[in-house]
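Everything below belongs to final08.cif, which stores mmCIF, C-alpha atoms and all ligand atoms.
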data_query
#
loop_
_atom_site.label_atom_id
_atom_site.label_comp_id
_atom_site.auth_asym_id
_atom_site.auth_seq_id
_atom_site.Cartn_x
_atom_site.Cartn_y
_atom_site.Cartn_z
CA MET K 1 1.03 -0.21 5.38
CA VAL K 2 0.58 1.71 2.17
CA GLY K 3 -2.85 3.28 1.75
CA PRO K 4 -3.31 6.55 -0.10
CA GLY K 5 -6.73 8.26 -0.11
CA THR K 6 -9.57 6.04 1.00
CA GLY K 7 -7.08 3.14 1.09
CA ILE K 8 -6.26 4.21 4.64
CA ALA K 9 -9.58 2.84 5.93
CA PRO K 10 -8.64 -0.70 7.05
CA PHE K 11 -5.38 0.43 8.63
CA ARG K 12 -7.13 2.37 11.38
CA SER K 13 -8.05 -0.96 12.90
CA PHE K 14 -4.40 -2.05 12.78
CA TRP K 15 -3.16 0.76 14.99
CA GLN K 16 -6.19 0.52 17.27
CA GLU K 17 -5.49 -3.20 17.68
CA LYS K 18 -1.81 -2.50 18.35
CA LEU K 19 -2.70 0.12 20.96
CA ALA K 20 -4.97 -2.38 22.72
CA MET K 21 -2.48 -5.26 22.48
CA SER K 22 0.55 -3.23 23.51
CA LYS K 23 -0.86 -3.12 27.05
CA LYS K 24 -0.53 -6.91 27.14
CA GLU K 25 2.67 -7.70 25.22
CA PRO K 26 5.38 -5.95 23.16
CA GLN K 27 4.34 -5.28 19.57
CA GLY K 28 6.27 -4.93 16.31
CA GLU K 29 6.71 -1.67 14.43
CA LEU K 30 3.75 -0.38 12.44
CA LEU K 31 4.73 1.94 9.61
CA LEU K 32 2.28 3.96 7.50
CA LEU K 33 2.84 5.50 4.11
CA PHE K 34 -0.11 7.73 3.24
CA GLY K 35 -0.78 10.04 0.31
CA CYS K 36 -3.52 12.47 -0.64
CA ARG K 37 -4.20 15.42 -2.92
CA THR K 38 -3.63 18.26 -0.47
CA LYS K 39 -2.67 18.70 3.19
CA GLU K 40 -6.34 19.37 3.94
CA MET K 41 -7.14 15.82 2.84
CA ASP K 42 -4.79 14.19 5.34
CA LEU K 43 -7.42 11.77 6.65
CA TYR K 44 -7.38 10.95 10.38
CA HIS K 45 -4.52 13.40 10.89
CA ASP K 46 -5.15 13.88 14.63
CA GLU K 47 -5.66 10.17 15.26
CA LYS K 48 -2.41 9.33 13.45
CA GLU K 49 -0.50 11.99 15.37
CA TYR K 50 -1.88 10.63 18.64
CA MET K 51 -0.72 7.13 17.68
CA ARG K 52 2.68 8.49 16.65
CA ARG K 53 3.11 10.23 20.00
CA LYS K 54 2.15 7.00 21.77
CA GLU K 55 4.83 5.22 19.69
CA ILE K 56 2.21 2.97 18.16
CA LEU K 57 2.69 4.28 14.63
CA THR K 58 5.67 5.32 12.53
CA LEU K 59 4.59 7.90 9.96
CA LEU K 60 6.49 8.45 6.75
CA PRO K 61 6.07 11.93 5.25
CA LEU K 62 2.85 12.53 3.33
CA ALA K 63 2.87 12.06 -0.43
CA LEU K 64 1.02 15.14 -1.69
CA SER K 65 -0.12 15.21 -5.30
CA ARG K 66 -1.94 18.53 -5.68
CA GLU K 67 -0.65 20.78 -2.92
CA PRO K 68 0.26 24.17 -4.38
CA LYS K 69 4.00 24.94 -4.33
CA ILE K 70 4.89 21.35 -3.40
CA LYS K 71 6.36 18.93 -5.89
CA LYS K 72 3.77 16.28 -6.81
CA SER K 73 4.53 12.94 -5.24
CA TYR K 74 2.86 9.57 -4.88
CA VAL K 75 3.30 6.96 -2.16
CA GLN K 76 5.55 4.90 -4.44
CA ASP K 77 7.86 7.93 -4.88
CA ARG K 78 8.14 8.26 -1.09
CA LEU K 79 8.87 4.56 -0.78
CA LEU K 80 11.78 4.89 -3.16
CA GLU K 81 13.45 7.71 -1.20
CA ASN K 82 16.63 6.38 0.35
CA ASP K 83 15.93 6.56 4.10
CA HIS K 84 12.42 5.20 3.65
CA ALA K 85 13.60 2.45 1.32
CA GLN K 86 16.19 1.37 3.90
CA HIS K 87 13.62 1.46 6.70
CA VAL K 88 11.09 -0.61 4.74
CA PHE K 89 13.78 -3.03 3.59
CA ASP K 90 14.85 -3.61 7.22
CA LEU K 91 11.28 -4.25 8.32
CA ILE K 92 10.38 -6.49 5.39
CA VAL K 93 13.56 -8.41 4.64
CA ARG K 94 15.62 -8.34 7.86
CA LYS K 95 12.68 -8.59 10.28
CA ARG K 96 10.45 -10.58 7.92
CA GLY K 97 7.58 -8.13 8.30
CA HIS K 98 4.31 -8.00 6.41
CA PHE K 99 3.52 -5.51 3.64
CA TYR K 100 -0.06 -4.25 3.22
CA VAL K 101 -1.38 -2.19 0.31
CA CYS K 102 -4.91 -0.84 0.15
CA GLY K 103 -6.48 1.39 -2.47
CA ASP K 104 -6.61 1.82 -6.21
CA CYS K 105 -5.30 -1.07 -8.33
CA THR K 106 -3.06 1.12 -10.51
CA MET K 107 -1.40 2.51 -7.39
CA ALA K 108 -1.00 -1.01 -5.97
CA GLU K 109 0.69 -2.20 -9.16
CA ALA K 110 3.11 0.75 -9.06
CA VAL K 111 3.85 0.13 -5.38
CA SER K 112 4.63 -3.53 -5.99
CA LYS K 113 7.07 -2.56 -8.75
CA VAL K 114 8.78 0.01 -6.56
CA LEU K 115 9.07 -2.46 -3.69
CA ARG K 116 11.01 -4.75 -6.02
CA THR K 117 13.22 -1.79 -6.93
CA VAL K 118 13.82 -1.25 -3.21
CA PHE K 119 14.95 -4.88 -2.92
CA GLN K 120 17.39 -4.25 -5.77
CA ASN K 121 18.67 -0.87 -4.53
CA ILE K 122 19.02 -1.66 -0.85
CA GLY K 123 19.45 -5.43 -0.88
CA HIS K 124 21.65 -5.44 -3.98
CA MET K 125 19.40 -8.05 -5.57
CA THR K 126 19.24 -8.63 -9.30
CA PRO K 127 15.82 -7.94 -10.90
CA GLU K 128 15.23 -11.71 -10.99
CA GLU K 129 16.15 -12.11 -7.29
CA ALA K 130 13.86 -9.19 -6.40
CA ASP K 131 10.96 -10.79 -8.31
CA GLU K 132 11.69 -14.10 -6.61
CA TYR K 133 11.77 -12.51 -3.15
CA PHE K 134 8.47 -10.80 -3.94
CA LEU K 135 6.91 -14.12 -4.96
CA HIS K 136 8.23 -15.72 -1.76
CA MET K 137 6.57 -12.97 0.26
CA GLN K 138 3.27 -13.72 -1.47
CA ASP K 139 3.68 -17.47 -0.91
CA ASP K 140 4.55 -16.85 2.77
CA GLY K 141 1.42 -14.71 3.17
CA ARG K 142 3.50 -11.61 3.94
CA TYR K 143 2.27 -9.47 1.02
CA HIS K 144 -1.34 -8.36 1.33
CA GLU K 145 -3.42 -6.36 -1.12
CA ASP K 146 -6.90 -5.01 -0.63
CA ILE K 147 -7.49 -3.16 -3.87
CA PHE K 148 -10.32 -1.57 -5.80
CA GLY K 149 -10.89 0.15 -9.13
CA ILE K 150 -11.17 -3.10 -11.05
CA THR K 151 -14.94 -3.01 -11.42
CA LEU K 152 -14.64 -1.93 -15.04
CA ARG K 153 -12.39 -4.87 -15.86
CA ALA K 154 -14.76 -7.23 -14.05
CA ALA K 155 -17.68 -5.71 -15.96
CA GLU K 156 -15.81 -6.22 -19.24
CA VAL K 157 -15.25 -9.87 -18.40
CA HIS K 158 -18.87 -10.15 -17.36
CA SER K 159 -20.16 -8.58 -20.57
CA LYS K 160 -17.78 -10.75 -22.63
CA THR K 161 -19.26 -13.81 -20.90
CA HIS K 162 -22.73 -12.55 -21.78
CA GLU K 163 -21.67 -11.89 -25.37
CA SER K 164 -20.22 -15.37 -25.80
CA ALA K 165 -23.30 -16.97 -24.21
CA LYS K 166 -25.54 -15.00 -26.57
CA THR K 167 -23.47 -16.07 -29.59
CA GLN K 168 -23.61 -19.72 -28.49
CA ILE K 169 -27.40 -19.59 -28.09
CA GLU K 170 -27.76 -17.90 -31.49
CA GLN K 171 -25.55 -20.57 -33.08
CA GLN K 172 -27.58 -23.37 -31.44
CA ASN K 173 -30.78 -21.90 -32.84
N1 LIG Z 1 -14.31 15.86 -5.72
C1 LIG Z 1 -13.28 15.86 -4.90
O1 LIG Z 1 -12.85 16.90 -4.42
C2 LIG Z 1 -12.66 14.55 -4.54
C3 LIG Z 1 -11.61 14.58 -3.63
C4 LIG Z 1 -11.03 13.34 -3.29
C5 LIG Z 1 -11.49 12.17 -3.86
N2 LIG Z 1 -12.51 12.20 -4.75
C6 LIG Z 1 -13.00 10.97 -5.36
O2 LIG Z 1 -13.25 9.99 -4.36
C7 LIG Z 1 -12.81 8.71 -4.81
C8 LIG Z 1 -11.83 8.08 -3.85
O3 LIG Z 1 -10.86 9.02 -3.50
P1 LIG Z 1 -9.52 8.64 -2.79
O4 LIG Z 1 -9.33 9.57 -1.64
O5 LIG Z 1 -9.42 7.19 -2.54
O6 LIG Z 1 -8.51 8.91 -3.94
P2 LIG Z 1 -7.85 10.21 -4.50
O7 LIG Z 1 -7.97 11.38 -3.58
O8 LIG Z 1 -8.34 10.35 -5.89
O9 LIG Z 1 -6.32 9.72 -4.54
C9 LIG Z 1 -5.52 9.63 -3.38
C10 LIG Z 1 -4.10 9.94 -3.78
O10 LIG Z 1 -3.62 8.92 -4.66
C11 LIG Z 1 -3.01 9.57 -5.76
N3 LIG Z 1 -2.91 8.74 -6.94
C12 LIG Z 1 -3.61 8.80 -8.11
N4 LIG Z 1 -3.15 7.88 -8.99
C13 LIG Z 1 -2.15 7.24 -8.37
C14 LIG Z 1 -1.26 6.20 -8.76
N5 LIG Z 1 -1.32 5.63 -9.96
N6 LIG Z 1 -0.33 5.80 -7.89
C15 LIG Z 1 -0.24 6.36 -6.66
N7 LIG Z 1 -1.03 7.34 -6.23
C16 LIG Z 1 -1.99 7.77 -7.07
C17 LIG Z 1 -3.85 10.80 -5.97
O11 LIG Z 1 -3.12 11.70 -6.78
P3 LIG Z 1 -3.76 12.60 -7.96
O12 LIG Z 1 -3.84 13.99 -7.41
O13 LIG Z 1 -2.76 12.49 -9.08
O14 LIG Z 1 -5.11 12.05 -8.33
C18 LIG Z 1 -4.01 11.25 -4.53
O15 LIG Z 1 -2.88 11.94 -4.08
C19 LIG Z 1 -12.19 8.93 -6.19
O16 LIG Z 1 -13.14 8.58 -7.16
C20 LIG Z 1 -11.92 10.39 -6.25
O17 LIG Z 1 -11.99 10.89 -7.58
C21 LIG Z 1 -13.10 13.38 -5.08
#
Rewritten as structure tokens:
Amino acid sequence: MVGPGTGIAPFRSFWQEKLAMSKKEPQGELLLLFGCRTKEMDLYHDEKEYMRRKEILTLLPLALSREPKIKKSYVQDRLLENDHAQHVFDLIVRKRGHFYVCGDCTMAEAVSKVLRTVFQNIGHMTPEEADEYFLHMQDDGRYHEDIFGITLRAAEVHSKTHESAKTQIEQQN
């Protein structure tokens, strides 16, 4: 699960579900990659720590973008770091896990590119093989995106539709 900032929201239900289900049957690993501006903005910190202690959640280190004296990093930078890349590769490729991204669309695009780089670096895939594996994941329903920040684009399309309708009406008259 990759969900910086408010993108973390849907994932709370994932670990709550896992906690509830783990009393009934063994559950797979749940790994979270979270990022925020400063340490103070580490949303649901206590809840995540509780889940980590209960072995419900694996937490990768925070990606902090505006914490004084700490090098700026984004979730996609964390994903590319060697140990994390290996871990994610094992879960996704070897164990055929699911990959979830939630948050801003620019971040999601960057994450999807970096994931393909992980396939190349760890799985020794060519760029074409990495793209193909990524497409297979999408076809298999193992790559999930819940993204926002595309309202402007939608509005542009919307206004273009209005513009073209207006032109057509004007031409008809
Ligand atoms: N007024 C405030 O103090 C305040 C605080 C938080 C959020 N907000 C607003 O609340 C809304 C939602 O906030 P949010 O918590 O979801 O987001 P956010 O706090 O703006 O962003 C979450 C994290 O994602 C990073 N990020 C930005 N662009 C990225 C990219 N292309 N790839 C990967 N990571 C990227 C941010 O880094 P950067 O530091 O580079 O942005 C930050 O570390 C936004 O409109 C935001 O502006 C306001």
Which chains and residue numbers are within 7 Å of ligand LIG 1 (chain Z), counting all atoms listed in the file, if I want them as number ranges by chain? K: 4-7, 35-37, 63-66, 74-76, 103, 106-107, 110
Kindly indicate which residue among K:Val101, K:Pro68, K:Leu60, K:Asp77 lies nearest to Phe11 in chain K, using all atoms listed in the file for the distances. K:Val101
Within 7 Å of Ile147 in chain K, counting only C-alpha atoms, which residues show up once you throw out same-chain ones fewer than 3 positions away? Write them as a PyMOL selection string, please. chain K and resi 102-105
With only C-alpha atoms as the atoms that count, which of K:Arg12, K:Glu49, K:Lys18, K:Phe89 lies nearest to Ile122 in chain K?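 For Ile122 in chain K, the nearest of the given residues is K:Phe89.
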So, with all atoms listed in the file as the atoms that count, which of K:Trp15, K:Gln86, K:Glu40, K:Ser112 lies closest to Arg52 in chain K? K:Trp15
In Å to one decimal, how far is CA of Met41 in chain K from CA of Val88 in chain K?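 Between these atoms lies a distance of 24.6 Å.
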Under the rule that all atoms listed in the file are counted, which of K:Thr58, K:Gln172, K:Asp146, K:Leu115 is the nearest residue to Phe134 in chain K?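 The shortest atom-to-atom distance to Phe134 in chain K comes from K:Leu115.
Contact shell of Leu80 in chain K at 8 Å (all atoms listed in the file; same-chain neighbours under 5 positions omitted): Ala85, Val114, Leu115, Thr117 and Val118 of chain K.
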Take range 97-108 of chain K, model all heavy atoms, and hand the result over as a compact mmCIF listing (two decimals), keeping the file's coordinate frame.
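File selection_38.txt, as written:
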# COMPACT_ATOMS: atom_id res chain seq x y z
N GLY K 97 8.88 -8.74 8.04
CA GLY K 97 7.58 -8.13 8.30
C GLY K 97 6.57 -8.39 7.19
O GLY K 97 6.88 -9.02 6.18
N HIS K 98 5.39 -7.89 7.40
CA HIS K 98 4.31 -8.00 6.41
C HIS K 98 4.13 -6.66 5.70
O HIS K 98 4.29 -5.61 6.31
CB HIS K 98 3.00 -8.38 7.08
CG HIS K 98 2.96 -9.79 7.56
ND1 HIS K 98 2.03 -10.69 7.13
CD2 HIS K 98 3.77 -10.46 8.43
CE1 HIS K 98 2.24 -11.86 7.71
NE2 HIS K 98 3.28 -11.75 8.51
N PHE K 99 3.75 -6.71 4.44
CA PHE K 99 3.52 -5.51 3.64
C PHE K 99 2.05 -5.48 3.24
O PHE K 99 1.55 -6.46 2.67
CB PHE K 99 4.42 -5.56 2.40
CG PHE K 99 4.60 -4.24 1.69
CD1 PHE K 99 5.70 -3.44 1.96
CD2 PHE K 99 3.68 -3.81 0.76
CE1 PHE K 99 5.88 -2.22 1.29
CE2 PHE K 99 3.84 -2.59 0.10
CZ PHE K 99 4.95 -1.81 0.37
N TYR K 100 1.37 -4.38 3.54
CA TYR K 100 -0.06 -4.25 3.22
C TYR K 100 -0.27 -3.07 2.29
O TYR K 100 0.25 -1.98 2.55
CB TYR K 100 -0.87 -3.97 4.49
CG TYR K 100 -0.93 -5.13 5.46
CD1 TYR K 100 0.08 -5.34 6.39
CD2 TYR K 100 -1.99 -6.03 5.42
CE1 TYR K 100 0.03 -6.41 7.27
CE2 TYR K 100 -2.05 -7.10 6.30
CZ TYR K 100 -1.04 -7.28 7.22
OH TYR K 100 -1.09 -8.35 8.08
N VAL K 101 -1.03 -3.28 1.23
CA VAL K 101 -1.38 -2.19 0.31
C VAL K 101 -2.90 -2.15 0.19
O VAL K 101 -3.52 -3.19 -0.06
CB VAL K 101 -0.83 -2.43 -1.11
CG1 VAL K 101 -1.05 -1.19 -1.98
CG2 VAL K 101 0.64 -2.78 -1.08
N CYS K 102 -3.46 -0.97 0.35
CA CYS K 102 -4.91 -0.84 0.15
C CYS K 102 -5.20 0.40 -0.67
O CYS K 102 -4.63 1.47 -0.44
CB CYS K 102 -5.63 -0.76 1.50
SG CYS K 102 -7.42 -0.64 1.28
N GLY K 103 -6.08 0.25 -1.66
CA GLY K 103 -6.48 1.39 -2.47
C GLY K 103 -6.61 1.00 -3.93
O GLY K 103 -6.85 -0.16 -4.26
N ASP K 104 -6.42 1.99 -4.76
CA ASP K 104 -6.61 1.82 -6.21
C ASP K 104 -5.63 0.80 -6.81
O ASP K 104 -4.46 0.75 -6.42
CB ASP K 104 -6.39 3.20 -6.85
CG ASP K 104 -6.40 3.12 -8.34
OD1 ASP K 104 -7.49 3.01 -8.90
OD2 ASP K 104 -5.31 3.14 -8.95
N CYS K 105 -6.12 0.02 -7.77
CA CYS K 105 -5.30 -1.07 -8.33
C CYS K 105 -4.09 -0.57 -9.12
O CYS K 105 -3.04 -1.21 -9.09
CB CYS K 105 -6.15 -2.02 -9.17
SG CYS K 105 -6.99 -1.22 -10.53
N THR K 106 -4.21 0.59 -9.77
CA THR K 106 -3.06 1.12 -10.51
C THR K 106 -1.95 1.52 -9.53
O THR K 106 -0.76 1.26 -9.76
CB THR K 106 -3.48 2.35 -11.35
OG1 THR K 106 -4.65 2.01 -12.06
CG2 THR K 106 -2.39 2.78 -12.29
N MET K 107 -2.36 2.15 -8.43
CA MET K 107 -1.40 2.51 -7.39
C MET K 107 -0.73 1.26 -6.84
O MET K 107 0.50 1.19 -6.69
CB MET K 107 -2.14 3.28 -6.28
CG MET K 107 -1.38 3.61 -5.03
SD MET K 107 -1.23 2.28 -3.82
CE MET K 107 -2.91 1.86 -3.44
N ALA K 108 -1.53 0.22 -6.58
CA ALA K 108 -1.00 -1.01 -5.97
C ALA K 108 0.03 -1.67 -6.89
O ALA K 108 1.06 -2.16 -6.43
CB ALA K 108 -2.15 -1.97 -5.67
